file my_file_19.cif (mmCIF, C-alpha atoms)
data_structure
#
loop_
_atom_site.label_atom_id
_atom_site.label_comp_id
_atom_site.auth_asym_id
_atom_site.auth_seq_id
_atom_site.Cartn_x
_atom_site.Cartn_y
_atom_site.Cartn_z
CA MET A 1 12.55 -14.57 -29.72
CA CYS A 2 13.04 -10.82 -30.11
CA PRO A 3 16.02 -9.40 -31.98
CA ARG A 4 18.91 -8.04 -29.95
CA LEU A 5 20.26 -4.54 -29.91
CA THR A 6 23.87 -4.60 -31.04
CA ASP A 7 24.71 -0.93 -31.44
CA SER A 8 25.57 1.34 -28.52
CA PRO A 9 24.02 4.66 -29.52
CA LYS A 10 26.53 6.84 -27.71
CA GLY A 11 29.79 5.21 -28.68
CA CYS A 12 31.86 2.44 -27.14
CA SER A 13 30.49 0.01 -24.60
CA ALA A 14 30.43 1.08 -20.97
CA VAL A 15 29.69 -2.50 -19.94
CA SER A 16 30.74 -5.46 -22.06
CA VAL A 17 29.87 -9.07 -21.19
CA SER A 18 31.13 -11.84 -23.45
CA SER A 19 30.21 -15.54 -23.24
CA LEU A 20 29.64 -15.33 -19.49
CA THR A 21 29.03 -18.72 -17.89
CA LYS A 22 28.76 -19.66 -14.23
CA THR A 23 28.27 -23.19 -12.97
CA TYR A 24 28.00 -24.55 -9.43
CA ASN A 25 28.46 -28.04 -8.05
CA GLY A 26 25.37 -28.82 -6.02
CA GLU A 27 23.77 -31.84 -4.40
CA LYS A 28 22.18 -32.78 -7.72
CA GLY A 29 25.36 -32.30 -9.71
CA CYS A 30 26.50 -29.39 -11.85
CA VAL A 31 24.06 -26.49 -12.02
CA THR A 32 24.40 -23.80 -14.68
CA ALA A 33 23.24 -20.46 -13.28
CA VAL A 34 24.34 -18.37 -16.28
CA ASP A 35 24.81 -19.96 -19.69
CA ASP A 36 26.96 -18.20 -22.33
CA VAL A 37 25.46 -14.73 -21.79
CA SER A 38 26.73 -11.82 -23.89
CA PHE A 39 25.62 -8.19 -24.10
CA ASP A 40 27.01 -4.68 -24.45
CA ILE A 41 25.64 -1.52 -22.88
CA GLY A 42 26.57 1.89 -24.19
CA SER A 43 27.19 5.09 -22.26
CA GLY A 44 24.03 7.02 -21.55
CA GLN A 45 21.74 3.99 -21.61
CA ILE A 46 19.31 2.97 -18.88
CA VAL A 47 18.86 -0.78 -19.11
CA GLY A 48 16.52 -3.02 -17.18
CA LEU A 49 17.90 -6.48 -16.38
CA LEU A 50 14.89 -8.68 -15.76
CA GLY A 51 14.18 -12.30 -14.97
CA PRO A 52 12.07 -14.47 -12.67
CA ASN A 53 13.58 -15.93 -9.51
CA GLY A 54 16.28 -18.41 -10.44
CA ALA A 55 16.81 -16.93 -13.90
CA GLY A 56 20.47 -16.06 -13.24
CA LYS A 57 19.90 -12.35 -12.86
CA THR A 58 21.62 -11.92 -9.47
CA THR A 59 24.50 -14.17 -10.50
CA THR A 60 24.99 -12.11 -13.66
CA VAL A 61 25.01 -8.80 -11.77
CA LYS A 62 27.39 -10.02 -9.06
CA THR A 63 29.72 -11.51 -11.68
CA VAL A 64 29.74 -8.28 -13.67
CA LEU A 65 30.63 -6.45 -10.45
CA GLY A 66 33.47 -8.85 -9.69
CA LEU A 67 31.80 -10.33 -6.60
CA ILE A 68 31.56 -13.78 -8.22
CA THR A 69 34.26 -15.36 -10.36
CA PRO A 70 32.86 -16.72 -13.64
CA THR A 71 33.46 -20.25 -14.81
CA SER A 72 34.24 -18.80 -18.22
CA GLY A 73 33.74 -15.60 -20.18
CA THR A 74 34.88 -12.01 -19.70
CA VAL A 75 33.50 -8.77 -18.30
CA SER A 76 34.83 -5.25 -18.79
CA ILE A 77 33.64 -1.86 -17.56
CA HIS A 78 34.81 1.08 -19.64
CA GLY A 79 37.44 -1.19 -21.14
CA VAL A 80 38.82 -2.41 -17.79
CA PRO A 81 38.70 -6.22 -17.35
CA VAL A 82 36.79 -6.60 -14.08
CA HIS A 83 38.23 -9.93 -12.97
CA GLU A 84 41.80 -9.01 -13.78
CA ALA A 85 41.80 -5.47 -12.37
CA ARG A 86 38.97 -5.17 -9.84
CA SER A 87 40.33 -2.11 -8.05
CA ARG A 88 40.70 -0.19 -11.28
CA ALA A 89 37.28 -1.30 -12.52
CA TYR A 90 35.67 -0.08 -9.29
CA ASN A 91 36.69 3.46 -10.21
CA TYR A 92 34.04 3.27 -12.91
CA VAL A 93 31.13 1.51 -11.22
CA SER A 94 28.96 1.82 -8.11
CA ALA A 95 26.15 -0.44 -6.99
CA VAL A 96 23.30 -0.80 -4.55
CA LEU A 97 22.47 -4.46 -4.06
CA GLU A 98 19.38 -5.63 -2.21
CA GLY A 99 20.27 -6.52 1.35
CA ALA A 100 23.67 -4.77 1.12
CA ARG A 101 23.62 -1.38 2.83
CA ASN A 102 26.72 0.59 1.95
CA VAL A 103 26.30 3.15 4.74
CA TYR A 104 27.91 3.78 8.12
CA TRP A 105 25.30 3.64 10.87
CA ARG A 106 26.89 6.27 13.13
CA LEU A 107 27.29 8.90 10.41
CA SER A 108 24.45 11.21 9.48
CA VAL A 109 22.94 11.21 6.00
CA ARG A 110 25.04 14.23 4.94
CA GLU A 111 28.18 12.74 6.47
CA ASN A 112 27.63 9.45 4.66
CA LEU A 113 27.40 11.17 1.28
CA ALA A 114 30.52 13.23 2.02
CA PHE A 115 32.41 10.17 3.28
CA PHE A 116 31.71 8.00 0.22
CA ALA A 117 32.43 10.87 -2.15
CA GLY A 118 35.76 11.36 -0.39
CA LEU A 119 36.61 7.66 -0.71
CA HIS A 120 36.25 8.08 -4.44
CA GLY A 121 38.65 11.03 -4.49
CA ILE A 122 35.98 13.72 -4.64
CA ASN A 123 36.29 16.79 -2.44
CA PRO A 124 32.94 16.78 -0.58
CA GLN A 125 33.18 20.50 0.12
CA ALA A 126 33.09 21.13 -3.60
CA ARG A 127 29.97 18.96 -3.95
CA ILE A 128 27.79 20.38 -1.18
CA ASP A 129 25.14 21.61 -3.62
CA ARG A 130 25.18 18.29 -5.45
CA HIS A 131 24.77 16.33 -2.22
CA GLU A 132 21.92 18.57 -1.06
CA ALA A 133 20.19 17.95 -4.40
CA ILE A 134 20.55 14.18 -3.91
CA ILE A 135 19.18 14.44 -0.37
CA ASP A 136 16.23 16.47 -1.62
CA THR A 137 15.51 14.11 -4.54
CA LEU A 138 15.42 11.13 -2.18
CA GLY A 139 13.14 12.89 0.31
CA LEU A 140 15.76 12.90 3.06
CA THR A 141 15.94 16.62 3.80
CA GLY A 142 14.19 16.28 7.15
CA LYS A 143 16.56 13.47 8.18
CA ALA A 144 19.79 14.87 6.72
CA ASP A 145 21.50 15.28 10.11
CA GLU A 146 20.11 12.08 11.62
CA PRO A 147 22.48 9.13 12.19
CA ALA A 148 21.73 6.33 9.73
CA LYS A 149 21.23 3.84 12.58
CA ASN A 150 18.12 5.76 13.69
CA LEU A 151 16.42 5.61 10.29
CA SER A 152 13.79 3.17 9.09
CA ARG A 153 14.70 0.41 6.66
CA GLY A 154 13.25 2.40 3.77
CA MET A 155 15.22 5.48 4.75
CA LYS A 156 18.43 3.44 4.99
CA GLN A 157 17.75 2.21 1.45
CA LYS A 158 17.53 5.83 0.34
CA VAL A 159 20.81 6.69 2.07
CA ALA A 160 22.54 3.72 0.40
CA LEU A 161 21.29 4.95 -2.96
CA GLY A 162 22.43 8.50 -2.15
CA CYS A 163 25.94 7.27 -1.28
CA THR A 164 26.09 5.47 -4.61
CA LEU A 165 25.07 8.60 -6.50
CA ALA A 166 27.60 10.66 -4.50
CA ARG A 167 30.48 8.54 -5.84
CA GLU A 168 29.69 9.94 -9.31
CA THR A 169 30.90 6.88 -11.20
CA PRO A 170 29.97 6.60 -14.90
CA VAL A 171 28.23 3.23 -14.37
CA LEU A 172 25.54 2.46 -11.79
CA PHE A 173 23.99 -0.90 -10.92
CA LEU A 174 20.81 -0.46 -8.92
CA ASP A 175 18.93 -3.43 -7.48
CA GLU A 176 15.29 -2.55 -6.71
CA PRO A 177 16.13 1.18 -6.33
CA MET A 178 12.47 2.20 -5.87
CA LEU A 179 11.74 -0.41 -3.18
CA GLY A 180 10.09 1.21 -0.18
CA LEU A 181 9.91 4.67 -1.76
CA ASP A 182 6.70 6.68 -1.74
CA VAL A 183 5.07 7.72 -5.01
CA GLU A 184 6.50 11.24 -5.06
CA THR A 185 10.05 10.13 -4.25
CA THR A 186 9.82 7.37 -6.86
CA ARG A 187 8.80 9.90 -9.48
CA ASP A 188 11.61 12.28 -8.49
CA LEU A 189 14.19 9.48 -8.59
CA GLN A 190 12.99 8.34 -12.01
CA THR A 191 13.44 11.88 -13.29
CA GLU A 192 16.91 12.12 -11.75
CA LEU A 193 18.07 8.81 -13.25
CA GLN A 194 16.89 9.91 -16.69
CA ARG A 195 18.69 13.24 -16.23
CA LEU A 196 21.92 11.46 -15.24
CA ALA A 197 21.78 9.35 -18.40
CA ARG A 198 20.80 12.20 -20.68
CA GLU A 199 22.95 15.04 -19.33
CA GLU A 200 25.88 13.24 -17.67
CA ASP A 201 26.07 10.22 -19.97
CA LYS A 202 25.72 7.80 -17.05
CA THR A 203 25.11 4.13 -17.75
CA ILE A 204 22.45 2.75 -15.40
CA VAL A 205 21.47 -0.89 -15.02
CA ILE A 206 18.32 -1.52 -13.00
CA THR A 207 16.96 -4.80 -11.70
CA SER A 208 13.40 -4.70 -10.45
CA HIS A 209 10.21 -6.71 -10.19
CA ASP A 210 8.21 -3.52 -10.73
CA MET A 211 7.51 -3.54 -14.46
CA ALA A 212 5.91 -0.09 -14.32
CA VAL A 213 9.22 1.38 -13.09
CA ILE A 214 11.22 -0.40 -15.79
CA GLU A 215 8.80 0.73 -18.48
CA ALA A 216 8.87 4.33 -17.24
CA VAL A 217 12.66 4.66 -16.87
CA CYS A 218 14.47 2.23 -19.16
CA ASP A 219 15.04 2.57 -22.87
CA ARG A 220 16.13 -1.06 -23.19
CA VAL A 221 15.53 -4.34 -21.38
CA ILE A 222 17.49 -7.59 -21.20
CA VAL A 223 15.38 -10.54 -20.08
CA LEU A 224 16.97 -13.65 -18.60
CA SER A 225 15.28 -17.00 -18.15
CA GLU A 226 16.98 -20.17 -16.90
CA GLY A 227 20.41 -18.61 -17.37
CA ASP A 228 19.86 -17.53 -20.99
CA ILE A 229 18.98 -14.21 -22.60
CA VAL A 230 15.51 -14.57 -24.11
CA ALA A 231 15.15 -10.94 -25.19
CA ASP A 232 17.36 -7.89 -25.58
CA ASN A 233 15.64 -4.93 -27.14
CA SER A 234 14.16 -1.51 -26.56
CA VAL A 235 11.03 -1.27 -24.46
CA ASP A 236 9.10 0.14 -27.42
CA ASN A 237 10.21 -2.65 -29.75
CA LEU A 238 9.28 -5.35 -27.25
CA LEU A 239 5.84 -3.85 -26.78
CA ASP A 240 5.40 -3.68 -30.56
CA VAL A 241 6.47 -7.31 -31.03
CA PHE A 242 3.91 -8.48 -28.50
CA GLN A 243 1.18 -6.11 -29.63
CA SER A 244 -1.97 -8.21 -29.76
CA GLN A 245 -5.49 -7.31 -30.74
CA THR A 246 -7.16 -7.93 -27.42
CA TYR A 247 -10.35 -6.09 -26.61
CA ARG A 248 -12.36 -5.46 -23.48
CA VAL A 249 -16.07 -5.49 -24.24
CA GLN A 250 -18.81 -4.32 -21.90
CA LEU A 251 -22.46 -5.18 -22.54
CA ALA A 252 -25.28 -3.18 -20.96
CA GLU A 253 -27.31 -6.19 -19.89
CA SER A 254 -27.15 -9.97 -19.70
CA PRO A 255 -26.87 -11.35 -23.26
CA PRO A 256 -28.51 -14.55 -24.55
CA ALA A 257 -27.15 -17.65 -22.86
CA HIS A 258 -25.62 -19.02 -26.06
CA LEU A 259 -23.51 -15.91 -26.75
CA ARG A 260 -20.64 -16.82 -24.41
CA GLU A 261 -20.35 -20.32 -25.89
CA GLN A 262 -20.53 -18.93 -29.42
CA LEU A 263 -17.75 -16.40 -28.79
CA ASP A 264 -15.59 -18.95 -26.94
CA THR A 265 -15.93 -21.43 -29.81
CA ARG A 266 -15.03 -18.94 -32.51
CA PHE A 267 -12.43 -16.75 -30.75
CA GLN A 268 -10.08 -16.81 -27.75
CA LEU A 269 -12.27 -15.65 -24.91
CA LEU A 270 -9.95 -14.54 -22.10
CA ASP A 271 -12.33 -13.49 -19.38
CA TRP A 272 -16.05 -13.26 -18.63
CA ARG A 273 -17.40 -11.26 -15.67
CA ILE A 274 -21.03 -10.75 -14.76
CA ASP A 275 -22.14 -7.70 -12.77
CA THR A 276 -25.59 -6.74 -11.56
CA ASP A 277 -26.44 -4.75 -14.68
CA SER A 278 -23.71 -5.65 -17.16
CA VAL A 279 -21.39 -8.28 -18.57
CA GLU A 280 -17.73 -7.60 -19.31
CA PHE A 281 -15.33 -9.88 -21.18
CA GLU A 282 -11.99 -9.84 -22.96
CA VAL A 283 -11.45 -11.43 -26.35
CA ALA A 284 -8.36 -11.89 -28.55
CA LEU A 285 -8.98 -11.28 -32.25
CA ALA A 286 -6.38 -12.19 -34.88
CA ASP A 287 -7.18 -9.50 -37.45
CA SER A 288 -9.73 -6.97 -38.68
CA GLU A 289 -11.79 -9.75 -40.25
CA GLU A 290 -12.26 -11.41 -36.86
CA PHE A 291 -13.01 -8.00 -35.34
CA TYR A 292 -15.94 -7.41 -37.68
CA GLU A 293 -17.10 -11.00 -37.27
CA CYS A 294 -17.19 -10.52 -33.50
CA VAL A 295 -19.21 -7.33 -33.93
CA ASP A 296 -21.65 -9.15 -36.22
CA ILE A 297 -22.14 -11.92 -33.64
CA LEU A 298 -22.93 -9.34 -30.96
CA GLN A 299 -25.38 -7.55 -33.23
CA THR A 300 -27.11 -10.77 -34.25
CA ALA A 301 -27.52 -11.66 -30.57
CA GLU A 302 -29.00 -8.17 -30.05
CA ALA A 303 -26.48 -7.47 -27.32
CA THR A 304 -26.24 -3.83 -26.24
CA VAL A 305 -22.56 -2.82 -26.38
CA ARG A 306 -21.51 -0.12 -23.92
CA SER A 307 -17.84 -0.13 -24.90
CA PHE A 308 -15.41 -2.00 -27.15
CA THR A 309 -11.86 -1.03 -26.16
CA GLU A 310 -8.50 -2.29 -27.40
CA ILE A 311 -6.15 -3.33 -24.57
CA GLU A 312 -2.57 -2.16 -25.00
CA PRO A 313 0.07 -4.60 -23.70
CA ASP A 314 2.41 -3.44 -20.95
CA LEU A 315 5.90 -4.62 -20.09
CA GLU A 316 4.58 -7.03 -17.47
CA ASP A 317 2.56 -8.83 -20.16
CA VAL A 318 5.66 -9.04 -22.35
CA PHE A 319 7.80 -10.31 -19.47
CA VAL A 320 5.33 -13.06 -18.55
CA GLU A 321 5.01 -14.20 -22.16
CA LEU A 322 8.77 -14.24 -22.75
CA THR A 323 9.67 -16.13 -19.59
CA SER A 324 6.74 -18.53 -19.92
CA ALA A 325 7.70 -19.40 -23.49
CA ALA A 326 11.34 -19.88 -22.49
CA SER A 327 10.40 -22.44 -19.84
CA LEU A 328 8.45 -24.64 -22.28
CA SER A 329 9.93 -27.72 -23.87
CA PRO A 330 10.25 -27.65 -27.69
CA GLU A 331 7.21 -29.94 -27.93
CA GLU A 332 5.13 -27.68 -25.66
CA ALA A 333 6.23 -24.54 -27.52
CA GLU A 334 5.02 -25.97 -30.83
CA SER A 335 1.65 -27.09 -29.48
#
call {"tool": "encode", "arguments": {"input": "my_file_19.cif", "output": "structure tokens"}}
result
Amino acid sequence: MCPRLTDSPKGCSAVSVSSLTKTYNGEKGCVTAVDDVSFDIGSGQIVGLLGPNGAGKTTTVKTVLGLITPTSGTVSIHGVPVHEARSRAYNYVSAVLEGARNVYWRLSVRENLAFFAGLHGINPQARIDRHEAIIDTLGLTGKADEPAKNLSRGMKQKVALGCTLARETPVLFLDEPMLGLDVETTRDLQTELQRLAREEDKTIVITSHDMAVIEAVCDRVIVLSEGDIVADNSVDNLLDVFQSQTYRVQLAESPPAHLREQLDTRFQLLDWRIDTDSVEFEVALADSEEFYECVDILQTAEATVRSFTEIEPDLEDVFVELTSAASLSPEEAES
């Protein structure tokens, strides 16, 4: 298991979760969706909250937002206890949840942003430039005066996100914020979220199944599996922990028949693909000694090596390994 981050780099916690537990009574008895989860998120952090389906991710988010009452444990946002003072806590947090569209269908895009800013006590006339910047970032300029009911599902998702940004709360929870966005809009939104954290000290929590987005935007990830936290660390640290010496090797022609068996017996051969004029495989090597031994085997077999490239792990690799290990029994984990 990876070590947890305990220090909030920019001061006191914007979000604090302590011993959060949520159980349900189902047909098969008591089910624990979230089991004694604790974490703190500092101001100015962008954190990815990850987990496979059924990991307790949605329950955790909805409990933090006060939409679900916990069985035990506490949650506070900027020092306000969420489940004791929901209205006051909502002054500090906004959210876009998948399937929940916080927009009014009959209002235009511009009117929606102004309306939700006004609900939060912000004079929309004083934020016209800010709202236009949000509209531009989300690629909604051409639809700014269109009623929300006439927009596509993807466009409505953008409007919901824009309304959340217009409220200007210090904490944002965004569920799949890039879903349905084109490449250019995704890139612009990533840049804007990083700017909000860096320049306006916003705390942003993102849930997503797109590991590339999490890796590009977040400086920290919390991974849940079966209701427990299995990792809480920076993206860089997680990638370092799971750094493995895996190589992709391409040979210029078909090697001797015994080579594949020889490599598979001595090392962990991960893949073997045969093309018309080449063979490509991936192999995991424990250390430099195994690296040179692998090279010697290839030379002895008189194999012509076109390339020998180290494969860098990405966050998706880390996520799969963490959640797979967490689902194993103690006996399976030791085998």
call {"tool": "residues_around", "arguments": {"input": "my_file_19.cif", "residues": "stretch 166-170 of chain A", "least_positions_apart": "5", "cutoff": "10 Å", "atoms": "all atoms listed in the file", "output": "PDB file with C-alpha atoms, in the coordinates of the input"}}
result
ATOM      1  CA  ALA A  14      30.430   1.080 -20.970  1.00  0.00           C
ATOM      2  CA  SER A  43      27.190   5.090 -22.260  1.00  0.00           C
ATOM      3  CA  GLY A  44      24.030   7.020 -21.550  1.00  0.00           C
ATOM      4  CA  ILE A  77      33.640  -1.860 -17.560  1.00  0.00           C
ATOM      5  CA  HIS A  78      34.810   1.080 -19.640  1.00  0.00           C
ATOM      6  CA  TYR A  90      35.670  -0.080  -9.290  1.00  0.00           C
ATOM      7  CA  ASN A  91      36.690   3.460 -10.210  1.00  0.00           C
ATOM      8  CA  TYR A  92      34.040   3.270 -12.910  1.00  0.00           C
ATOM      9  CA  VAL A  93      31.130   1.510 -11.220  1.00  0.00           C
ATOM     10  CA  SER A  94      28.960   1.820  -8.110  1.00  0.00           C
ATOM     11  CA  ALA A  95      26.150  -0.440  -6.990  1.00  0.00           C
ATOM     12  CA  ASN A 112      27.630   9.450   4.660  1.00  0.00           C
ATOM     13  CA  LEU A 113      27.400  11.170   1.280  1.00  0.00           C
ATOM     14  CA  ALA A 114      30.520  13.230   2.020  1.00  0.00           C
ATOM     15  CA  PHE A 115      32.410  10.170   3.280  1.00  0.00           C
ATOM     16  CA  PHE A 116      31.710   8.000   0.220  1.00  0.00           C
ATOM     17  CA  ALA A 117      32.430  10.870  -2.150  1.00  0.00           C
ATOM     18  CA  GLY A 118      35.760  11.360  -0.390  1.00  0.00           C
ATOM     19  CA  LEU A 119      36.610   7.660  -0.710  1.00  0.00           C
ATOM     20  CA  HIS A 120      36.250   8.080  -4.440  1.00  0.00           C
ATOM     21  CA  GLY A 121      38.650  11.030  -4.490  1.00  0.00           C
ATOM     22  CA  ILE A 122      35.980  13.720  -4.640  1.00  0.00           C
ATOM     23  CA  PRO A 124      32.940  16.780  -0.580  1.00  0.00           C
ATOM     24  CA  ARG A 127      29.970  18.960  -3.950  1.00  0.00           C
ATOM     25  CA  ARG A 130      25.180  18.290  -5.450  1.00  0.00           C
ATOM     26  CA  HIS A 131      24.770  16.330  -2.220  1.00  0.00           C
ATOM     27  CA  ILE A 134      20.550  14.180  -3.910  1.00  0.00           C
ATOM     28  CA  ALA A 160      22.540   3.720   0.400  1.00  0.00           C
ATOM     29  CA  LEU A 161      21.290   4.950  -2.960  1.00  0.00           C
ATOM     30  CA  LEU A 196      21.920  11.460 -15.240  1.00  0.00           C
ATOM     31  CA  ALA A 197      21.780   9.350 -18.400  1.00  0.00           C
ATOM     32  CA  GLU A 200      25.880  13.240 -17.670  1.00  0.00           C
ATOM     33  CA  ASP A 201      26.070  10.220 -19.970  1.00  0.00           C
ATOM     34  CA  LYS A 202      25.720   7.800 -17.050  1.00  0.00           C
ATOM     35  CA  THR A 203      25.110   4.130 -17.750  1.00  0.00           C
ATOM     36  CA  ILE A 204      22.450   2.750 -15.400  1.00  0.00           C
TER      37      ILE A 204
END
call {"tool": "resolve_selection", "arguments": {"input": "my_file_19.cif", "expression": "the PyMOL selection byres ((chain A and resi 235) around 7)", "output": "PyMOL selection string"}}
result
chain A and resi 215+219-221+233-234+236-239
call {"tool": "closest_residue", "arguments": {"input": "my_file_19.cif", "among": "A:Asn25, A:Gln157, A:Thr63, A:Thr246", "to": "A:Val103", "atoms": "only C-alpha atoms"}}
result
A:Gln157
call {"tool": "atom_distance", "arguments": {"input": "my_file_19.cif", "atom1": "atom CA of A:Asp175", "atom2": "atom CA of A:Val96"}}
result
5.9 Å
call {"tool": "resolve_selection", "arguments": {"input": "my_file_19.cif", "expression": "the PyMOL selection byres ((chain A and resi 282) around 8)", "output": "PyMOL selection string"}}
result
chain A and resi 246-249+269-272+280-281+283-284
call {"tool": "write_last_selection", "arguments": {"input": "my_file_19.cif", "atoms": "C-alpha atoms", "output": "PDB file, in the coordinates of the input"}}
result
ATOM      1  CA  THR A 246      -7.160  -7.930 -27.420  1.00  0.00           C
ATOM      2  CA  TYR A 247     -10.350  -6.090 -26.610  1.00  0.00           C
ATOM      3  CA  ARG A 248     -12.360  -5.460 -23.480  1.00  0.00           C
ATOM      4  CA  VAL A 249     -16.070  -5.490 -24.240  1.00  0.00           C
ATOM      5  CA  LEU A 269     -12.270 -15.650 -24.910  1.00  0.00           C
ATOM      6  CA  LEU A 270      -9.950 -14.540 -22.100  1.00  0.00           C
ATOM      7  CA  ASP A 271     -12.330 -13.490 -19.380  1.00  0.00           C
ATOM      8  CA  TRP A 272     -16.050 -13.260 -18.630  1.00  0.00           C
ATOM      9  CA  GLU A 280     -17.730  -7.600 -19.310  1.00  0.00           C
ATOM     10  CA  PHE A 281     -15.330  -9.880 -21.180  1.00  0.00           C
ATOM     11  CA  VAL A 283     -11.450 -11.430 -26.350  1.00  0.00           C
ATOM     12  CA  ALA A 284      -8.360 -11.890 -28.550  1.00  0.00           C
TER      13      ALA A 284
END
call {"tool": "closest_residue", "arguments": {"input": "my_file_19.cif", "among": "A:Pro256, A:Gly227, A:Gly73, A:Gly162", "to": "A:Pro52", "atoms": "all atoms listed in the file"}}
result
A:Gly227
call {"tool": "atom_distance", "arguments": {"input": "my_file_19.cif", "atom1": "atom CA of A:Asp210", "atom2": "atom CA of A:Gly180"}}
result
11.7 Å
call {"tool": "closest_residue", "arguments": {"input": "my_file_19.cif", "among": "A:Thr265, A:Ser16, A:Asn53, A:Thr141", "to": "A:Gly79", "atoms": "all atoms listed in the file"}}
result
A:Ser16
call {"tool": "atom_distance", "arguments": {"input": "my_file_19.cif", "atom1": "atom CA of A:Lys22", "atom2": "atom CA of A:Thr59"}}
result
7.9 Å
call {"tool": "closest_residue", "arguments": {"input": "my_file_19.cif", "among": "A:Gly66, A:Gly54, A:Gly48, A:Pro177", "to": "A:Gln190", "atoms": "only C-alpha atoms"}}
result
A:Pro177
call {"tool": "residues_around", "arguments": {"input": "my_file_19.cif", "residues": "A:Ser19", "least_positions_apart": "3", "cutoff": "12 Å", "atoms": "only C-alpha atoms", "output": "count of residues only"}}
result
19
call {"tool": "resolve_selection", "arguments": {"input": "my_file_19.cif", "expression": "the PyMOL selection byres ((chain A and resi 106) around 9)", "output": "PyMOL selection string"}}
result
chain A and resi 103-105+107-108+147-150
call {"tool": "closest_residue", "arguments": {"input": "my_file_19.cif", "among": "A:Val15, A:Ala252, A:Val320, A:Ile46", "to": "A:Val82", "atoms": "all atoms listed in the file"}}
result
A:Val15
call {"tool": "closest_residue", "arguments": {"input": "my_file_19.cif", "among": "A:Glu184, A:Glu192, A:Glu176, A:Asp264", "to": "A:His209", "atoms": "all atoms listed in the file"}}
result
A:Glu176
call {"tool": "residues_around", "arguments": {"input": "my_file_19.cif", "residues": "stretch 289-302 of chain A", "least_positions_apart": "5", "cutoff": "9 Å", "atoms": "only C-alpha atoms", "output": "ChimeraX atom specification"}}
result
/A:245,255-256,258-259,262-263,266-267
call {"tool": "decode", "arguments": {"input": "my_file_19.cif", "residues": "stretch 208-241 of chain A", "atoms": "C-alpha atoms", "output": "CSV table (one decimal), in the first residue's frame"}}
result
chain,number,residue,atom,x,y,z
A,208,SER,CA,-13.5,10.2,-13.6
A,209,HIS,CA,-12.8,7.0,-15.3
A,210,ASP,CA,-10.5,8.8,-17.7
A,211,MET,CA,-7.1,8.2,-16.2
A,212,ALA,CA,-5.4,10.5,-18.8
A,213,VAL,CA,-7.5,13.4,-17.5
A,214,ILE,CA,-6.7,12.6,-13.9
A,215,GLU,CA,-3.0,12.3,-14.6
A,216,ALA,CA,-3.0,15.6,-16.6
A,217,VAL,CA,-4.9,17.7,-14.1
A,218,CYS,CA,-4.6,16.3,-10.6
A,219,ASP,CA,-1.6,16.6,-8.2
A,220,ARG,CA,-3.0,13.9,-5.9
A,221,VAL,CA,-5.2,10.9,-6.1
A,222,ILE,CA,-7.2,9.0,-3.5
A,223,VAL,CA,-8.1,5.5,-4.6
A,224,LEU,CA,-11.0,3.6,-3.1
A,225,SER,CA,-11.6,-0.1,-3.4
A,226,GLU,CA,-14.4,-2.0,-1.6
A,227,GLY,CA,-15.1,0.9,0.6
A,228,ASP,CA,-11.5,1.4,1.8
A,229,ILE,CA,-8.8,3.8,0.8
A,230,VAL,CA,-6.0,1.7,-0.8
A,231,ALA,CA,-3.9,4.7,-1.9
A,232,ASP,CA,-3.6,8.4,-1.1
A,233,ASN,CA,-0.6,10.1,-2.7
A,234,SER,CA,0.6,12.4,-5.4
A,235,VAL,CA,0.4,11.3,-8.9
A,236,ASP,CA,4.2,11.4,-9.3
A,237,ASN,CA,4.7,9.3,-6.2
A,238,LEU,CA,2.3,6.7,-7.2
A,239,LEU,CA,3.9,6.4,-10.6
A,240,ASP,CA,7.3,6.1,-8.9
A,241,VAL,CA,6.1,3.4,-6.5
